Amino acid sequence: MPSTKLPVTEITNKTIFDEAQLEKGRLLFTKSCNFLLSATNMNQVPETEIVEIAFAGRSNVGKSTLINALTGRKTLARTSNTPGRTRQVNFFDLDGRLMLVDLPGYGYARAPKTEIAEWTVLIEDYLRGRAQLRRVCLLVDARHGPKETDRQAMALLDQSAVPYQIILTKCDKLKNEKLQDRIKGILNESSKHTAAHPHVLVTSSRKGNGISELQAHLAALAVLD
Ligand code: GDP
């Protein structure tokens with residue numbers, strides 16, 4: 001990682017994408033994105049062939065806020081101050097070109113055990129049985145780094161052979177040096193996971209960091225004509 005005085009977010013994100021890729025991402029996300037449906041079991045998931053990108057992470061990681069920042073829609077995904085409230089898999093259709101899939105947040109200690117079991121099964125079934133799923137964005141809170149439940153999610157993704165991109169959220173909460181250490185730690189850890197992408201995206205939905213890079217990353221997977 002270059003040792004310049006630039007903010008770490010600039011260094012890590014900007015080196016990955018060129019202007020043409022960023023433009024492609026920007027254009028895709030100007031299209032309308034609409035809520036399609038919520039599923040509580042695999043019988044309810046939509047029968048489409050649209051390429052899917054799923055968002056996963058511990059509850060309160062900032063997943064809804066990130067989806068809203070990506071799509072420019074303030075209330076598309078429901079943010080909540082009550083962690084673990086969203087139990088369904090929510091599907092958002094981005095102009096028929098990409099399906100954004102909001103998976104239920106995991107790791108909420110106060111959730112009833114039966115509920116945890118139910119939604120673990122749902123996530124596992126979804127990850128294992130969805131041919132059109134091209135990428136999982138695995139969100140990790142920059143302040144805390146990966147926790148045990150994140151490691152379990154990584155192991156599940158490795159087993160399911162679903163490629164995933166680790167995305168640090170809330171990077172505005174960390175000083176440059178701490179963030180740099182966090183990124184190094186995650187890169188080191190993710191290199192041991194077969195399905196993990198070899199770079200980390202650093203985001204702040206609050207400040208807007210990394211959003212256009214994530215758009216570019218996802219646009220590269222979408223069917224554009
Ligand atoms: P979810 O449970 O993963 O969907 O998390 P939410 O999107 O509801 O966010 C949880 C909390 O984190 C809320 O209070 C958000 O305002 C806050 N949050 C989300 N993104 C950011 C961010 O980029 N920076 C900061 N500082 N806080 C954030």
# chains A, B, ... in the order shown; residues from 1 in each chain; ligands from 1
>>> select_by_dssp(residues="region 23-152 of chain A", states="alpha helix (DSSP H)", output="PDB file with N, CA, C and O atoms, in the first residue's frame")
ATOM      1  N   GLU A  23     -17.514   5.470 -14.672  1.00  0.00           N
ATOM      2  CA  GLU A  23     -18.599   6.072 -15.452  1.00  0.00           C
ATOM      3  C   GLU A  23     -19.705   5.037 -15.722  1.00  0.00           C
ATOM      4  O   GLU A  23     -20.894   5.343 -15.635  1.00  0.00           O
ATOM      5  N   LYS A  24     -19.289   3.832 -16.047  1.00  0.00           N
ATOM      6  CA  LYS A  24     -20.246   2.750 -16.293  1.00  0.00           C
ATOM      7  C   LYS A  24     -21.101   2.513 -15.031  1.00  0.00           C
ATOM      8  O   LYS A  24     -22.317   2.349 -15.109  1.00  0.00           O
ATOM      9  N   GLY A  25     -20.449   2.534 -13.901  1.00  0.00           N
ATOM     10  CA  GLY A  25     -21.155   2.344 -12.623  1.00  0.00           C
ATOM     11  C   GLY A  25     -22.108   3.490 -12.355  1.00  0.00           C
ATOM     12  O   GLY A  25     -23.257   3.274 -11.957  1.00  0.00           O
ATOM     13  N   ARG A  26     -21.622   4.688 -12.591  1.00  0.00           N
ATOM     14  CA  ARG A  26     -22.456   5.865 -12.326  1.00  0.00           C
ATOM     15  C   ARG A  26     -23.727   5.813 -13.173  1.00  0.00           C
ATOM     16  O   ARG A  26     -24.830   6.029 -12.682  1.00  0.00           O
ATOM     17  N   LEU A  27     -23.533   5.487 -14.461  1.00  0.00           N
ATOM     18  CA  LEU A  27     -24.676   5.433 -15.387  1.00  0.00           C
ATOM     19  C   LEU A  27     -25.691   4.378 -14.973  1.00  0.00           C
ATOM     20  O   LEU A  27     -26.895   4.628 -14.958  1.00  0.00           O
ATOM     21  N   LEU A  28     -25.186   3.198 -14.611  1.00  0.00           N
ATOM     22  CA  LEU A  28     -26.101   2.117 -14.223  1.00  0.00           C
ATOM     23  C   LEU A  28     -26.960   2.543 -13.038  1.00  0.00           C
ATOM     24  O   LEU A  28     -28.165   2.308 -13.014  1.00  0.00           O
ATOM     25  N   LYS A  63     -25.836  -1.831   6.375  1.00  0.00           N
ATOM     26  CA  LYS A  63     -26.199  -2.439   5.086  1.00  0.00           C
ATOM     27  C   LYS A  63     -27.313  -1.653   4.386  1.00  0.00           C
ATOM     28  O   LYS A  63     -27.195  -1.341   3.197  1.00  0.00           O
ATOM     29  N   SER A  64     -28.381  -1.351   5.127  1.00  0.00           N
ATOM     30  CA  SER A  64     -29.489  -0.608   4.508  1.00  0.00           C
ATOM     31  C   SER A  64     -29.017   0.761   4.057  1.00  0.00           C
ATOM     32  O   SER A  64     -29.352   1.219   2.957  1.00  0.00           O
ATOM     33  N   THR A  65     -28.218   1.398   4.893  1.00  0.00           N
ATOM     34  CA  THR A  65     -27.737   2.737   4.556  1.00  0.00           C
ATOM     35  C   THR A  65     -26.869   2.675   3.297  1.00  0.00           C
ATOM     36  O   THR A  65     -26.946   3.557   2.433  1.00  0.00           O
ATOM     37  N   LEU A  66     -26.077   1.622   3.172  1.00  0.00           N
ATOM     38  CA  LEU A  66     -25.211   1.483   1.993  1.00  0.00           C
ATOM     39  C   LEU A  66     -26.044   1.247   0.732  1.00  0.00           C
ATOM     40  O   LEU A  66     -25.771   1.839  -0.320  1.00  0.00           O
ATOM     41  N   ILE A  67     -27.061   0.397   0.834  1.00  0.00           N
ATOM     42  CA  ILE A  67     -27.914   0.134  -0.337  1.00  0.00           C
ATOM     43  C   ILE A  67     -28.611   1.435  -0.756  1.00  0.00           C
ATOM     44  O   ILE A  67     -28.699   1.757  -1.943  1.00  0.00           O
ATOM     45  N   ASN A  68     -29.050   2.195   0.221  1.00  0.00           N
ATOM     46  CA  ASN A  68     -29.694   3.475  -0.099  1.00  0.00           C
ATOM     47  C   ASN A  68     -28.707   4.454  -0.738  1.00  0.00           C
ATOM     48  O   ASN A  68     -29.046   5.152  -1.697  1.00  0.00           O
ATOM     49  N   ALA A  69     -27.469   4.469  -0.234  1.00  0.00           N
ATOM     50  CA  ALA A  69     -26.459   5.371  -0.802  1.00  0.00           C
ATOM     51  C   ALA A  69     -26.113   4.956  -2.232  1.00  0.00           C
ATOM     52  O   ALA A  69     -25.959   5.800  -3.132  1.00  0.00           O
ATOM     53  N   LEU A  70     -26.036   3.657  -2.451  1.00  0.00           N
ATOM     54  CA  LEU A  70     -25.702   3.142  -3.787  1.00  0.00           C
ATOM     55  C   LEU A  70     -26.739   3.541  -4.830  1.00  0.00           C
ATOM     56  O   LEU A  70     -26.407   3.912  -5.947  1.00  0.00           O
ATOM     57  N   THR A  71     -28.003   3.398  -4.431  1.00  0.00           N
ATOM     58  CA  THR A  71     -29.104   3.595  -5.375  1.00  0.00           C
ATOM     59  C   THR A  71     -29.600   5.039  -5.375  1.00  0.00           C
ATOM     60  O   THR A  71     -30.464   5.389  -6.182  1.00  0.00           O
ATOM     61  N   LYS A 113     -33.406 -17.923  19.510  1.00  0.00           N
ATOM     62  CA  LYS A 113     -32.625 -18.981  18.847  1.00  0.00           C
ATOM     63  C   LYS A 113     -33.356 -19.583  17.648  1.00  0.00           C
ATOM     64  O   LYS A 113     -32.753 -19.860  16.614  1.00  0.00           O
ATOM     65  N   THR A 114     -34.678 -19.786  17.792  1.00  0.00           N
ATOM     66  CA  THR A 114     -35.425 -20.404  16.693  1.00  0.00           C
ATOM     67  C   THR A 114     -35.392 -19.496  15.467  1.00  0.00           C
ATOM     68  O   THR A 114     -35.299 -19.951  14.337  1.00  0.00           O
ATOM     69  N   GLU A 115     -35.457 -18.205  15.723  1.00  0.00           N
ATOM     70  CA  GLU A 115     -35.424 -17.250  14.618  1.00  0.00           C
ATOM     71  C   GLU A 115     -34.063 -17.269  13.923  1.00  0.00           C
ATOM     72  O   GLU A 115     -33.973 -17.260  12.701  1.00  0.00           O
ATOM     73  N   ILE A 116     -33.006 -17.316  14.741  1.00  0.00           N
ATOM     74  CA  ILE A 116     -31.654 -17.373  14.178  1.00  0.00           C
ATOM     75  C   ILE A 116     -31.533 -18.614  13.295  1.00  0.00           C
ATOM     76  O   ILE A 116     -31.033 -18.551  12.176  1.00  0.00           O
ATOM     77  N   ALA A 117     -32.044 -19.744  13.816  1.00  0.00           N
ATOM     78  CA  ALA A 117     -31.955 -20.996  13.060  1.00  0.00           C
ATOM     79  C   ALA A 117     -32.698 -20.864  11.739  1.00  0.00           C
ATOM     80  O   ALA A 117     -32.202 -21.268  10.686  1.00  0.00           O
ATOM     81  N   GLU A 118     -33.899 -20.258  11.785  1.00  0.00           N
ATOM     82  CA  GLU A 118     -34.717 -20.116  10.569  1.00  0.00           C
ATOM     83  C   GLU A 118     -34.017 -19.279   9.513  1.00  0.00           C
ATOM     84  O   GLU A 118     -33.972 -19.640   8.339  1.00  0.00           O
ATOM     85  N   TRP A 119     -33.451 -18.142   9.966  1.00  0.00           N
ATOM     86  CA  TRP A 119     -32.877 -17.308   8.934  1.00  0.00           C
ATOM     87  C   TRP A 119     -31.510 -17.772   8.488  1.00  0.00           C
ATOM     88  O   TRP A 119     -31.082 -17.519   7.380  1.00  0.00           O
ATOM     89  N   THR A 120     -30.836 -18.581   9.330  1.00  0.00           N
ATOM     90  CA  THR A 120     -29.579 -19.198   8.878  1.00  0.00           C
ATOM     91  C   THR A 120     -29.878 -20.180   7.740  1.00  0.00           C
ATOM     92  O   THR A 120     -29.176 -20.201   6.730  1.00  0.00           O
ATOM     93  N   VAL A 121     -30.943 -20.958   7.924  1.00  0.00           N
ATOM     94  CA  VAL A 121     -31.329 -21.910   6.876  1.00  0.00           C
ATOM     95  C   VAL A 121     -31.667 -21.167   5.594  1.00  0.00           C
ATOM     96  O   VAL A 121     -31.238 -21.541   4.494  1.00  0.00           O
ATOM     97  N   LEU A 122     -32.414 -20.069   5.748  1.00  0.00           N
ATOM     98  CA  LEU A 122     -32.807 -19.290   4.567  1.00  0.00           C
ATOM     99  C   LEU A 122     -31.571 -18.770   3.817  1.00  0.00           C
ATOM    100  O   LEU A 122     -31.462 -18.912   2.599  1.00  0.00           O
ATOM    101  N   ILE A 123     -30.636 -18.197   4.557  1.00  0.00           N
ATOM    102  CA  ILE A 123     -29.429 -17.659   3.920  1.00  0.00           C
ATOM    103  C   ILE A 123     -28.637 -18.793   3.252  1.00  0.00           C
ATOM    104  O   ILE A 123     -28.200 -18.668   2.104  1.00  0.00           O
ATOM    105  N   GLU A 124     -28.509 -19.907   3.958  1.00  0.00           N
ATOM    106  CA  GLU A 124     -27.736 -21.024   3.390  1.00  0.00           C
ATOM    107  C   GLU A 124     -28.395 -21.549   2.119  1.00  0.00           C
ATOM    108  O   GLU A 124     -27.722 -21.777   1.119  1.00  0.00           O
ATOM    109  N   ASP A 125     -29.723 -21.725   2.169  1.00  0.00           N
ATOM    110  CA  ASP A 125     -30.443 -22.220   0.994  1.00  0.00           C
ATOM    111  C   ASP A 125     -30.278 -21.261  -0.170  1.00  0.00           C
ATOM    112  O   ASP A 125     -30.058 -21.663  -1.310  1.00  0.00           O
ATOM    113  N   TYR A 126     -30.398 -19.982   0.138  1.00  0.00           N
ATOM    114  CA  TYR A 126     -30.278 -18.975  -0.913  1.00  0.00           C
ATOM    115  C   TYR A 126     -28.874 -19.015  -1.534  1.00  0.00           C
ATOM    116  O   TYR A 126     -28.719 -19.046  -2.755  1.00  0.00           O
ATOM    117  N   LEU A 127     -27.855 -19.026  -0.694  1.00  0.00           N
ATOM    118  CA  LEU A 127     -26.474 -18.979  -1.205  1.00  0.00           C
ATOM    119  C   LEU A 127     -26.128 -20.222  -2.017  1.00  0.00           C
ATOM    120  O   LEU A 127     -25.425 -20.145  -3.020  1.00  0.00           O
ATOM    121  N   ARG A 128     -26.640 -21.356  -1.583  1.00  0.00           N
ATOM    122  CA  ARG A 128     -26.288 -22.603  -2.261  1.00  0.00           C
ATOM    123  C   ARG A 128     -27.088 -22.820  -3.532  1.00  0.00           C
ATOM    124  O   ARG A 128     -26.614 -23.471  -4.451  1.00  0.00           O
ATOM    125  N   GLY A 129     -28.305 -22.253  -3.567  1.00  0.00           N
ATOM    126  CA  GLY A 129     -29.189 -22.657  -4.661  1.00  0.00           C
ATOM    127  C   GLY A 129     -29.509 -21.570  -5.671  1.00  0.00           C
ATOM    128  O   GLY A 129     -30.505 -21.672  -6.379  1.00  0.00           O
ATOM    129  N   GLU A 148     -16.603 -13.272  14.901  1.00  0.00           N
ATOM    130  CA  GLU A 148     -16.780 -14.702  14.693  1.00  0.00           C
ATOM    131  C   GLU A 148     -17.887 -15.007  13.667  1.00  0.00           C
ATOM    132  O   GLU A 148     -17.725 -15.860  12.803  1.00  0.00           O
ATOM    133  N   THR A 149     -18.999 -14.283  13.776  1.00  0.00           N
ATOM    134  CA  THR A 149     -20.106 -14.557  12.850  1.00  0.00           C
ATOM    135  C   THR A 149     -19.724 -14.187  11.407  1.00  0.00           C
ATOM    136  O   THR A 149     -20.189 -14.812  10.459  1.00  0.00           O
ATOM    137  N   ASP A 150     -18.863 -13.165  11.245  1.00  0.00           N
ATOM    138  CA  ASP A 150     -18.390 -12.826   9.894  1.00  0.00           C
ATOM    139  C   ASP A 150     -17.529 -13.962   9.347  1.00  0.00           C
ATOM    140  O   ASP A 150     -17.591 -14.305   8.168  1.00  0.00           O
ATOM    141  N   ARG A 151     -16.730 -14.527  10.241  1.00  0.00           N
ATOM    142  CA  ARG A 151     -15.854 -15.633   9.816  1.00  0.00           C
ATOM    143  C   ARG A 151     -16.692 -16.844   9.414  1.00  0.00           C
ATOM    144  O   ARG A 151     -16.379 -17.543   8.452  1.00  0.00           O
ATOM    145  N   GLN A 152     -17.784 -17.056  10.146  1.00  0.00           N
ATOM    146  CA  GLN A 152     -18.683 -18.159   9.775  1.00  0.00           C
ATOM    147  C   GLN A 152     -19.295 -17.883   8.404  1.00  0.00           C
ATOM    148  O   GLN A 152     -19.436 -18.779   7.574  1.00  0.00           O
TER     149      GLN A 152
END
>>> closest_atom_pairs(of="chain A", to="ligand 1", cutoff="10 Å", atoms="only C-alpha atoms and all ligand atoms", output="tab-separated table")
residue	atom	partner	partner_atom_place_in_ligand_line	distance
A:Phe55	CA	ligand 1	3 (O)	9.4
A:Ala56	CA	ligand 1	3 (O)	8.3
A:Gly57	CA	ligand 1	3 (O)	6.6
A:Arg58	CA	ligand 1	3 (O)	6.4
A:Ser59	CA	ligand 1	2 (O)	4.2
A:Asn60	CA	ligand 1	2 (O)	3.3
A:Val61	CA	ligand 1	3 (O)	4.0
A:Gly62	CA	ligand 1	5 (O)	3.4
A:Lys63	CA	ligand 1	3 (O)	3.7
A:Ser64	CA	ligand 1	4 (O)	3.7
A:Thr65	CA	ligand 1	7 (O)	3.7
A:Leu66	CA	ligand 1	20 (N)	6.4
A:Ile67	CA	ligand 1	7 (O)	8.1
A:Asn68	CA	ligand 1	7 (O)	8.4
A:Ala69	CA	ligand 1	20 (N)	9.1
A:Ala77	CA	ligand 1	4 (O)	7.7
A:Arg78	CA	ligand 1	8 (O)	7.0
A:Thr79	CA	ligand 1	8 (O)	3.6
A:Ser80	CA	ligand 1	8 (O)	4.2
A:Asn81	CA	ligand 1	14 (O)	5.6
A:Thr82	CA	ligand 1	2 (O)	7.6
A:Pro83	CA	ligand 1	2 (O)	5.4
A:Gly84	CA	ligand 1	2 (O)	6.5
A:Arg85	CA	ligand 1	2 (O)	7.8
A:Thr86	CA	ligand 1	2 (O)	7.8
A:Asp102	CA	ligand 1	4 (O)	8.8
A:Leu103	CA	ligand 1	4 (O)	9.6
A:Pro104	CA	ligand 1	2 (O)	8.5
A:Gly105	CA	ligand 1	3 (O)	6.3
A:Tyr106	CA	ligand 1	3 (O)	9.2
A:Tyr108	CA	ligand 1	2 (O)	9.7
A:Leu139	CA	ligand 1	3 (O)	8.3
A:Val140	CA	ligand 1	3 (O)	9.5
A:Asp141	CA	ligand 1	21 (C)	9.0
A:Ala142	CA	ligand 1	23 (O)	9.5
A:Arg143	CA	ligand 1	26 (N)	9.9
A:Leu168	CA	ligand 1	23 (O)	9.3
A:Thr169	CA	ligand 1	23 (O)	5.7
A:Lys170	CA	ligand 1	23 (O)	3.7
A:Cys171	CA	ligand 1	23 (O)	6.5
A:Asp172	CA	ligand 1	24 (N)	5.7
A:Lys173	CA	ligand 1	26 (N)	5.6
A:Leu174	CA	ligand 1	26 (N)	9.2
A:Val202	CA	ligand 1	23 (O)	10.0
A:Thr203	CA	ligand 1	23 (O)	6.7
A:Ser204	CA	ligand 1	23 (O)	3.6
A:Ser205	CA	ligand 1	23 (O)	3.7
A:Arg206	CA	ligand 1	23 (O)	4.1
A:Lys207	CA	ligand 1	23 (O)	6.5
A:Gly208	CA	ligand 1	23 (O)	7.6
A:Asn209	CA	ligand 1	23 (O)	8.3
>>> atom_distance(atom1="CA of Thr194 (chain A)", atom2="CA of Phe91 (chain A)")
26.8 Å
>>> atom_distance(atom1="CA of Leu221 (chain A)", atom2="CA of Val200 (chain A)")
17.1 Å
>>> closest_residue(among="A:Ser32, A:Asn41, A:Gln21, A:Ser191", to="Leu76 (chain A)", atoms="only C-alpha atoms")
A:Ser32
>>> residues_around(residues="Ala54 (chain A)", least_positions_apart="6", cutoff="9 Å", atoms="only C-alpha atoms", output="VMD selection string")
chain A and resid 99 to 103 133 to 138
>>> write_last_selection(atoms="N, CA and C atoms", output="PDB file, in the first residue's frame")
ATOM      1  N   MET A  99     -30.146  -7.362  -9.905  1.00  0.00           N
ATOM      2  CA  MET A  99     -31.028  -7.505  -8.746  1.00  0.00           C
ATOM      3  C   MET A  99     -30.175  -7.342  -7.498  1.00  0.00           C
ATOM      4  N   LEU A 100     -30.532  -6.366  -6.678  1.00  0.00           N
ATOM      5  CA  LEU A 100     -29.813  -6.174  -5.419  1.00  0.00           C
ATOM      6  C   LEU A 100     -30.584  -6.920  -4.335  1.00  0.00           C
ATOM      7  N   VAL A 101     -29.903  -7.768  -3.618  1.00  0.00           N
ATOM      8  CA  VAL A 101     -30.579  -8.645  -2.657  1.00  0.00           C
ATOM      9  C   VAL A 101     -30.063  -8.358  -1.250  1.00  0.00           C
ATOM     10  N   ASP A 102     -30.964  -7.921  -0.399  1.00  0.00           N
ATOM     11  CA  ASP A 102     -30.613  -7.544   0.970  1.00  0.00           C
ATOM     12  C   ASP A 102     -30.887  -8.739   1.877  1.00  0.00           C
ATOM     13  N   LEU A 103     -29.828  -9.392   2.334  1.00  0.00           N
ATOM     14  CA  LEU A 103     -29.991 -10.568   3.200  1.00  0.00           C
ATOM     15  C   LEU A 103     -30.197 -10.123   4.647  1.00  0.00           C
ATOM     16  N   LEU A 133     -26.742 -15.771  -8.799  1.00  0.00           N
ATOM     17  CA  LEU A 133     -26.005 -14.976  -7.797  1.00  0.00           C
ATOM     18  C   LEU A 133     -24.520 -14.892  -8.193  1.00  0.00           C
ATOM     19  N   ARG A 134     -24.067 -13.692  -8.524  1.00  0.00           N
ATOM     20  CA  ARG A 134     -22.689 -13.534  -9.009  1.00  0.00           C
ATOM     21  C   ARG A 134     -21.725 -13.057  -7.931  1.00  0.00           C
ATOM     22  N   ARG A 135     -22.244 -12.368  -6.946  1.00  0.00           N
ATOM     23  CA  ARG A 135     -21.327 -11.806  -5.959  1.00  0.00           C
ATOM     24  C   ARG A 135     -22.053 -11.537  -4.654  1.00  0.00           C
ATOM     25  N   VAL A 136     -21.373 -11.747  -3.567  1.00  0.00           N
ATOM     26  CA  VAL A 136     -21.904 -11.308  -2.268  1.00  0.00           C
ATOM     27  C   VAL A 136     -21.013 -10.170  -1.784  1.00  0.00           C
ATOM     28  N   CYS A 137     -21.630  -9.085  -1.420  1.00  0.00           N
ATOM     29  CA  CYS A 137     -20.904  -7.994  -0.770  1.00  0.00           C
ATOM     30  C   CYS A 137     -20.989  -8.261   0.721  1.00  0.00           C
ATOM     31  N   LEU A 138     -19.873  -8.607   1.315  1.00  0.00           N
ATOM     32  CA  LEU A 138     -19.855  -8.920   2.744  1.00  0.00           C
ATOM     33  C   LEU A 138     -19.391  -7.681   3.498  1.00  0.00           C
TER      34      LEU A 138
END
>>> closest_residue(among="A:Lys192, A:Asn90, A:Ile53, A:Phe17", to="Phe35 (chain A)", atoms="only C-alpha atoms")
A:Asn90
>>> atom_distance(atom1="CA of Ile50 (chain A)", atom2="CA of Asp95 (chain A)")
10.0 Å
>>> residues_around(residues="Thr40 (chain A)", least_positions_apart="6", cutoff="8 Å", atoms="only C-alpha atoms", output="PyMOL selection string")
chain A and resi 87-89+122
>>> write_last_selection(atoms="all heavy atoms", output="mmCIF file, in the first residue's frame")
data_model
loop_
_atom_site.group_PDB
_atom_site.id
_atom_site.type_symbol
_atom_site.label_atom_id
_atom_site.label_comp_id
_atom_site.auth_asym_id
_atom_site.auth_seq_id
_atom_site.Cartn_x
_atom_site.Cartn_y
_atom_site.Cartn_z
ATOM 1 N N ARG A 87 -35.979 -9.632 8.858
ATOM 2 C CA ARG A 87 -35.798 -11.082 8.838
ATOM 3 C C ARG A 87 -35.937 -11.681 7.442
ATOM 4 O O ARG A 87 -35.745 -12.853 7.262
ATOM 5 C CB ARG A 87 -36.830 -11.752 9.743
ATOM 6 C CG ARG A 87 -36.814 -11.265 11.147
ATOM 7 C CD ARG A 87 -35.712 -11.939 11.936
ATOM 8 N NE ARG A 87 -35.826 -11.592 13.331
ATOM 9 C CZ ARG A 87 -34.980 -10.792 13.965
ATOM 10 N NH1 ARG A 87 -33.954 -10.283 13.331
ATOM 11 N NH2 ARG A 87 -35.146 -10.508 15.227
ATOM 12 N N GLN A 88 -36.367 -10.858 6.490
ATOM 13 C CA GLN A 88 -36.586 -11.435 5.172
ATOM 14 C C GLN A 88 -35.428 -11.123 4.243
ATOM 15 O O GLN A 88 -34.583 -10.287 4.536
ATOM 16 C CB GLN A 88 -37.840 -10.860 4.499
ATOM 17 C CG GLN A 88 -39.055 -10.724 5.372
ATOM 18 C CD GLN A 88 -39.243 -9.309 5.846
ATOM 19 O OE1 GLN A 88 -38.284 -8.567 6.077
ATOM 20 N NE2 GLN A 88 -40.488 -8.917 5.988
ATOM 21 N N VAL A 89 -35.459 -11.806 3.095
ATOM 22 C CA VAL A 89 -34.549 -11.454 2.018
ATOM 23 C C VAL A 89 -35.320 -10.495 1.116
ATOM 24 O O VAL A 89 -36.401 -10.827 0.626
ATOM 25 C CB VAL A 89 -34.125 -12.709 1.222
ATOM 26 C CG1 VAL A 89 -33.220 -12.327 0.065
ATOM 27 C CG2 VAL A 89 -33.424 -13.704 2.131
ATOM 28 N N LEU A 122 -32.414 -20.069 5.748
ATOM 29 C CA LEU A 122 -32.807 -19.290 4.567
ATOM 30 C C LEU A 122 -31.571 -18.770 3.817
ATOM 31 O O LEU A 122 -31.462 -18.912 2.599
ATOM 32 C CB LEU A 122 -33.713 -18.127 5.002
ATOM 33 C CG LEU A 122 -34.119 -17.124 3.925
ATOM 34 C CD1 LEU A 122 -34.877 -17.807 2.797
ATOM 35 C CD2 LEU A 122 -34.974 -16.006 4.528
#
>>> select_by_dssp(residues="region 153-197 of chain A", states="strand (DSSP E or B)", output="list in words")
Tyr164, Gln165, Ile166, Ile167, Leu168, Thr169, Ala196 and His197 of chain A
>>> residues_around(residues="Leu187 (chain A)", least_positions_apart="4", cutoff="10 Å", atoms="only C-alpha atoms", output="ChimeraX atom specification")
/A:166,181-183,191-192,196-200
>>> closest_residue(among="A:Lys175, A:Ala131, A:Asn188, A:Leu36", to="Ser160 (chain A)", atoms="only C-alpha atoms")
A:Ala131
>>> closest_residue(among="A:Gly72, A:Gly96, A:Gly210, A:Gly145", to="Lys178 (chain A)", atoms="only C-alpha atoms")
A:Gly145
